Amino acid sequence: MKNFPPLETALRQKKISAEAYKNILLWLSDKKYKDFQEELKDFIQSGRWEKLNDSFFQILPFGTSGRRGKVGIGSNRINKITIGEVSQALADYLSRKPTAKQNGVVISFDTRLTSKVFADYVASIFCANGFNVCLFENFRSAPELSFSVRNLNAEAGILISASHNPPSDNGIKIYFKDGALMPKEGFKIIELAKKVKKILKTDFLQAKESKKIKFVSEKIDDAYISKVAQESLAPKARSVKIVFSPLHGTGITNVLPVLQKAGFKNIFLVEEQIEANGNFPTIKNNIPNPELKETAELTTKKCESVEADLGLFTDPDADRLGVVCRDKNGKYVFLNGNQIASLLGFYVLTELKNRRKLNKNSFISKTFVTTHLLTDLAKDFNIKINDDLFVGFKYIVHTIDENGGFIFGAEDTNGFLKGTYTRDKDAAVAGLLLAEFCSILKNKNKTLIDQLNELYKKYGFYWETIKKIPFEGAQNFIKMEKIMKSFRKNPLKEIGGEKVLKIKDWFDKNNPLDSNVVTFYLSVDKLNSITIRPSGTEPFLRIYSQTHTKLSPSISDEELEKEKIKAEQWSQKIIKGLKIES
């Protein structure tokens with residue numbers, strides 16, 4: 001390092017952290033990083049300290065559903081090193097089982113700019129490690145990959161995707177033999193990845209030509225689509241007029257063919273967003289997140305032009321579903337994840353009860369920040385509920401048991417699952433069920449909004465708000481950690497004029513990432529609360545506010561709208577009362 005005195009100077013002047021300095025030294029000295037060393041030297045010589053510090057201040061961690069981040073050079077970036085280390089670590093971990101290499105791995109990717117390159121690279125690594133490799137030749141959805149792992153009896157599945165993140169990002173998700181993301185194993189893989197000295201790899205084209213890398217058959221597509229279509233609860237309810245957009249992602253391979261397979265005829269596509277394009281050019285701020293209302297702009301316009309009943313749209317790996325629907329006045333309303341969860345939960349439970357398919361083993365599952373209305377529904381339908389799960393759909397699918405009791409799972413961030421054909425959330429099954437529920441209601445001259453209001457009148461009005469506060473960069477990351485420590489060390493006694501009645505610190509030393517959460521309860525029944533947690537996959541602090549208002553069953557729709565305004569004002573007051581600034 002004597003040739004780079006600016007690096008030592010930057011450390012002394014605190015332009016880079018000690019951890020960044022250590023990681024930069026490693027990347028400059030270890031031959032494993034030789035492909036990046038010239039570029040890294042250029043960064044140092046040109047004094048790009050802020051970028052270097054952000055790129056190297058930590059080793060990119062596993063989040064709620066995998067390793068995800070900006071693409072670029074550095075230990076805190078997605079690149080062939082961080083992707084390769086995880087892949088090699090996974091290969092080493094799986095190799096402990098005698099049949100793992102024969103069972104092999106399945107690899108898929110979404111429509112992001114670098115996804116296919118990384119998928120081919122991962123395939124070459126597993127091939128070099130002696131694994132049978134099945135690779136999807138073109139992009140596919142996350143739930144189909146999960147399905148294919150179990151269908152092909154593979155040892156693991158790897159998906160290259162950054163879900164709903166901006167175009168600058170990419171990532172890697174690992175599915176194990178049961179088709180699910182494994183929380184504990186995820187941490188083990190990261191620990192092994194830190195110790196990887198050499199990434200084994202072979203020439204991809206040669207491996208493909210010699211058939212060492214095989215492509216997944218179209219039979220998997222057919223099997224997956226058929227399985228999703230079989231989750232239908234009302235096969236004759238097909239009167240709804242639908243608009244669909246994949247938001248430039250993989251939803252064209254799962255949501256659309258499932259709806260067609262199930263018999264829906266009146267489907268209109270948002271043509272501008274059909275093209276697979278990792279820049280997501282037609283979406284505001286280029287962020288393809290179905291949680292965001294602005295993501296629905298073109299879907300809503302198409303709905304208005306064709307007078308559709310329902311608009312559906314999906315994130316790039318098509319595991320999350322966004323929804324707009326027409327109300328009785330012809331206005332299109334954007335539904336948030338909790339509202340979709342409430343409608344789907346009610347529909348699934350109602351239909352299964354009518355068929356006498358609910359029993360003592362039946363249960364639904366949700367994360368603890370997902371609407372409590374699902375808890376009310378479970379109680380009313382006399383079934384069990386797992387309603388205190390950590391954030392991340394992996395915790396929902398791990399409640400699936402061998403007794404056939406799992407009915408439905410939901411999380412507030414637009415992830416839903418009925419059935420056990422896959423072990424991930426699936427926009428295809430959610431879209432199918434919502435479309436036929438909308439058809440049933442349409443045949444009764446009702447809308448999804450009418451049904452949602454009826455649920456509120458019966459169970460009370462629930463309103464959940466999520467605010468994401470950005471903390472991008474190394475210094476802001478440290479600031480975010482200090483904020484979380486402050487909430488624990490100096491717990492608030494009141495927030496926004498509301499007295500804090502109870503505090504719950506969810507922290508578990510065996511799961512430090514997903515359990516870095518604090519909840520403040522503002523009512524005796526705990527239905528008014530605010531929760532703070534750092535996002536596991538994005539540079540944000542997430543704030544969840546939840547409130548509940550008891551209503552008279554005879555309340556008018558106009559009065560209900562006023563209650564919604566009051567609830568939103570309460571939520572904003574409470575969030576502002578935290579006094580958090582990035």
# chains A, B, ... in the order shown; residues from 1 in each chain; ligands from 1
>>> residues_around(residues="Phe244 of chain A", least_positions_apart="3", cutoff="8 Å", atoms="only C-alpha atoms", output="list in words")
Leu256, Ile267, Phe268, Leu269, Val270, Thr299, Gly311, Leu312 and Phe313 of chain A
>>> atom_distance(atom1="atom CA of Val391 of chain A", atom2="atom CA of Lys195 of chain A")
28.6 Å
>>> atom_distance(atom1="atom CA of Lys526 of chain A", atom2="atom CA of Val500 of chain A")
10.4 Å
>>> residues_around(residues="Ala162 of chain A", least_positions_apart="4", cutoff="8 Å", atoms="only C-alpha atoms", output="short mmCIF file (atom, residue, chain, number, x, y, z; two decimals) with C-alpha atoms, in the first residue's frame")
data_model
loop_
_atom_site.label_atom_id
_atom_site.label_comp_id
_atom_site.auth_asym_id
_atom_site.auth_seq_id
_atom_site.Cartn_x
_atom_site.Cartn_y
_atom_site.Cartn_z
CA ARG A 68 -29.49 -7.02 -2.38
CA GLY A 69 -27.91 -3.66 -3.20
CA ASP A 169 -29.74 -2.49 -7.87
CA ASN A 170 -29.58 -6.23 -8.17
CA GLY A 171 -29.32 -9.16 -5.79
CA ILE A 172 -29.36 -12.87 -5.09
#
>>> residues_around(residues="Lys80 of chain A", least_positions_apart="4", cutoff="9 Å", atoms="only C-alpha atoms", output="list of chain:residue names")
A:Gly84, A:Glu85, A:Phe118, A:Tyr121, A:Val122
>>> write_last_selection(atoms="N, CA and C atoms", output="short mmCIF file (atom, residue, chain, number, x, y, z; two decimals), in the first residue's frame")
data_model
loop_
_atom_site.label_atom_id
_atom_site.label_comp_id
_atom_site.auth_asym_id
_atom_site.auth_seq_id
_atom_site.Cartn_x
_atom_site.Cartn_y
_atom_site.Cartn_z
N GLY A 84 -20.48 -14.06 -6.41
CA GLY A 84 -19.66 -15.28 -6.49
C GLY A 84 -19.36 -15.88 -5.14
N GLU A 85 -19.08 -15.02 -4.14
CA GLU A 85 -18.78 -15.52 -2.80
C GLU A 85 -19.99 -16.24 -2.21
N PHE A 118 -25.32 -12.19 -14.39
CA PHE A 118 -25.06 -12.79 -13.08
C PHE A 118 -25.58 -14.23 -13.01
N TYR A 121 -23.19 -16.47 -14.70
CA TYR A 121 -21.98 -16.56 -13.88
C TYR A 121 -22.20 -17.55 -12.73
N VAL A 122 -23.34 -17.45 -12.07
CA VAL A 122 -23.66 -18.37 -10.97
C VAL A 122 -23.73 -19.81 -11.49
#
>>> residues_around(residues="Gln451 of chain A", least_positions_apart="2", cutoff="12 Å", atoms="only C-alpha atoms", output="NGL selection string")
:A and (325 or 327-328 or 339-340 or 342-344 or 346-347 or 437-438 or 440-442 or 444-449 or 453-458 or 557)
>>> closest_residue(among="A:Leu247, A:Phe131, A:Glu351, A:Gln45", to="Glu275 of chain A", atoms="only C-alpha atoms")
A:Leu247
>>> closest_residue(among="A:Thr549, A:Ser439, A:Ser486, A:Ser168", to="Asn266 of chain A", atoms="only C-alpha atoms")
A:Ser439
>>> select_by_dssp(residues="segment 312-397 of chain A", states="strand (DSSP E or B)", output="list in words")
Leu312, Phe313, Thr314, Arg320, Leu321, Gly322, Val323, Val324, Cys325, Arg326, Tyr332, Val333, Phe334, Leu335, Phe363, Ile364, Ser365, Lys366, Thr367, Lys384, Ile385, Asn386, Asp387, Asp388 and Leu389 of chain A
>>> write_last_selection(atoms="C-alpha atoms", output="PDB file, in the first residue's frame")
ATOM      1  CA  LEU A 312     -53.369  -5.495 -11.697  1.00  0.00           C
ATOM      2  CA  PHE A 313     -49.631  -4.815 -11.835  1.00  0.00           C
ATOM      3  CA  THR A 314     -46.548  -6.615 -10.549  1.00  0.00           C
ATOM      4  CA  ARG A 320     -45.940  -8.798  -5.281  1.00  0.00           C
ATOM      5  CA  LEU A 321     -49.291  -7.619  -6.605  1.00  0.00           C
ATOM      6  CA  GLY A 322     -50.532  -4.048  -6.982  1.00  0.00           C
ATOM      7  CA  VAL A 323     -54.227  -3.279  -7.440  1.00  0.00           C
ATOM      8  CA  VAL A 324     -56.526  -0.490  -8.600  1.00  0.00           C
ATOM      9  CA  CYS A 325     -60.278  -1.105  -8.794  1.00  0.00           C
ATOM     10  CA  ARG A 326     -63.374   0.787  -9.797  1.00  0.00           C
ATOM     11  CA  TYR A 332     -60.473   4.073  -9.750  1.00  0.00           C
ATOM     12  CA  VAL A 333     -59.110   3.506  -6.267  1.00  0.00           C
ATOM     13  CA  PHE A 334     -55.569   2.382  -5.404  1.00  0.00           C
ATOM     14  CA  LEU A 335     -55.512  -0.377  -2.776  1.00  0.00           C
ATOM     15  CA  PHE A 363     -54.835 -21.412   9.973  1.00  0.00           C
ATOM     16  CA  ILE A 364     -53.667 -18.245   8.274  1.00  0.00           C
ATOM     17  CA  SER A 365     -50.361 -16.442   8.809  1.00  0.00           C
ATOM     18  CA  LYS A 366     -49.234 -12.835   8.664  1.00  0.00           C
ATOM     19  CA  THR A 367     -46.369 -10.621   9.782  1.00  0.00           C
ATOM     20  CA  LYS A 384     -56.078 -20.208  14.135  1.00  0.00           C
ATOM     21  CA  ILE A 385     -53.736 -17.430  13.090  1.00  0.00           C
ATOM     22  CA  ASN A 386     -50.001 -16.846  13.332  1.00  0.00           C
ATOM     23  CA  ASP A 387     -50.070 -13.064  13.594  1.00  0.00           C
ATOM     24  CA  ASP A 388     -46.811 -12.172  15.327  1.00  0.00           C
ATOM     25  CA  LEU A 389     -44.292 -13.203  12.664  1.00  0.00           C
TER      26      LEU A 389
END
>>> residues_around(residues="Gly473 of chain A", least_positions_apart="5", cutoff="9 Å", atoms="only C-alpha atoms", output="list in words")
Glu50, Lys51, Asn53, Asp54, Ser55, Ile478 and Pro539 of chain A
>>> residues_around(residues="Ile73 of chain A", least_positions_apart="2", cutoff="8 Å", atoms="only C-alpha atoms", output="list in words")
Phe36, Leu40, Ser55, Val71, Ser75, Arg77, Ile78 and Asn79 of chain A
>>> write_last_selection(atoms="C-alpha atoms", output="PDB file, in the first residue's frame")
ATOM      1  CA  PHE A  36     -11.420  -4.997  -9.866  1.00  0.00           C
ATOM      2  CA  LEU A  40     -10.207   0.515  -7.430  1.00  0.00           C
ATOM      3  CA  SER A  55     -18.938   0.920  -1.302  1.00  0.00           C
ATOM      4  CA  VAL A  71     -24.391  -2.907  -8.603  1.00  0.00           C
ATOM      5  CA  SER A  75     -17.762  -5.243  -0.540  1.00  0.00           C
ATOM      6  CA  ARG A  77     -22.120  -3.737  -3.637  1.00  0.00           C
ATOM      7  CA  ILE A  78     -23.554  -6.415  -5.889  1.00  0.00           C
ATOM      8  CA  ASN A  79     -20.868  -7.609  -8.291  1.00  0.00           C
TER       9      ASN A  79
END
>>> atom_distance(atom1="atom CA of Thr413 of chain A", atom2="atom CA of Glu291 of chain A")
6.4 Å
>>> closest_residue(among="A:Asn403, A:Asn336, A:Asn254, A:Ser108", to="Lys293 of chain A", atoms="only C-alpha atoms")
A:Asn336
>>> closest_residue(among="A:Asp514, A:Tyr33, A:Ala474, A:Leu374", to="Phe393 of chain A", atoms="only C-alpha atoms")
A:Asp514
>>> closest_residue(among="A:Lys212, A:Leu28, A:Ile220, A:Ser163", to="Pro288 of chain A", atoms="only C-alpha atoms")
A:Ser163
>>> closest_residue(among="A:Phe280, A:Ala262, A:Glu272, A:Glu218", to="Pro235 of chain A", atoms="only C-alpha atoms")
A:Ala262
>>> select_by_dssp(residues="segment 408-448 of chain A", states="alpha helix (DSSP H)", output="MDAnalysis selection string")
chainID A and resid 427:443 448
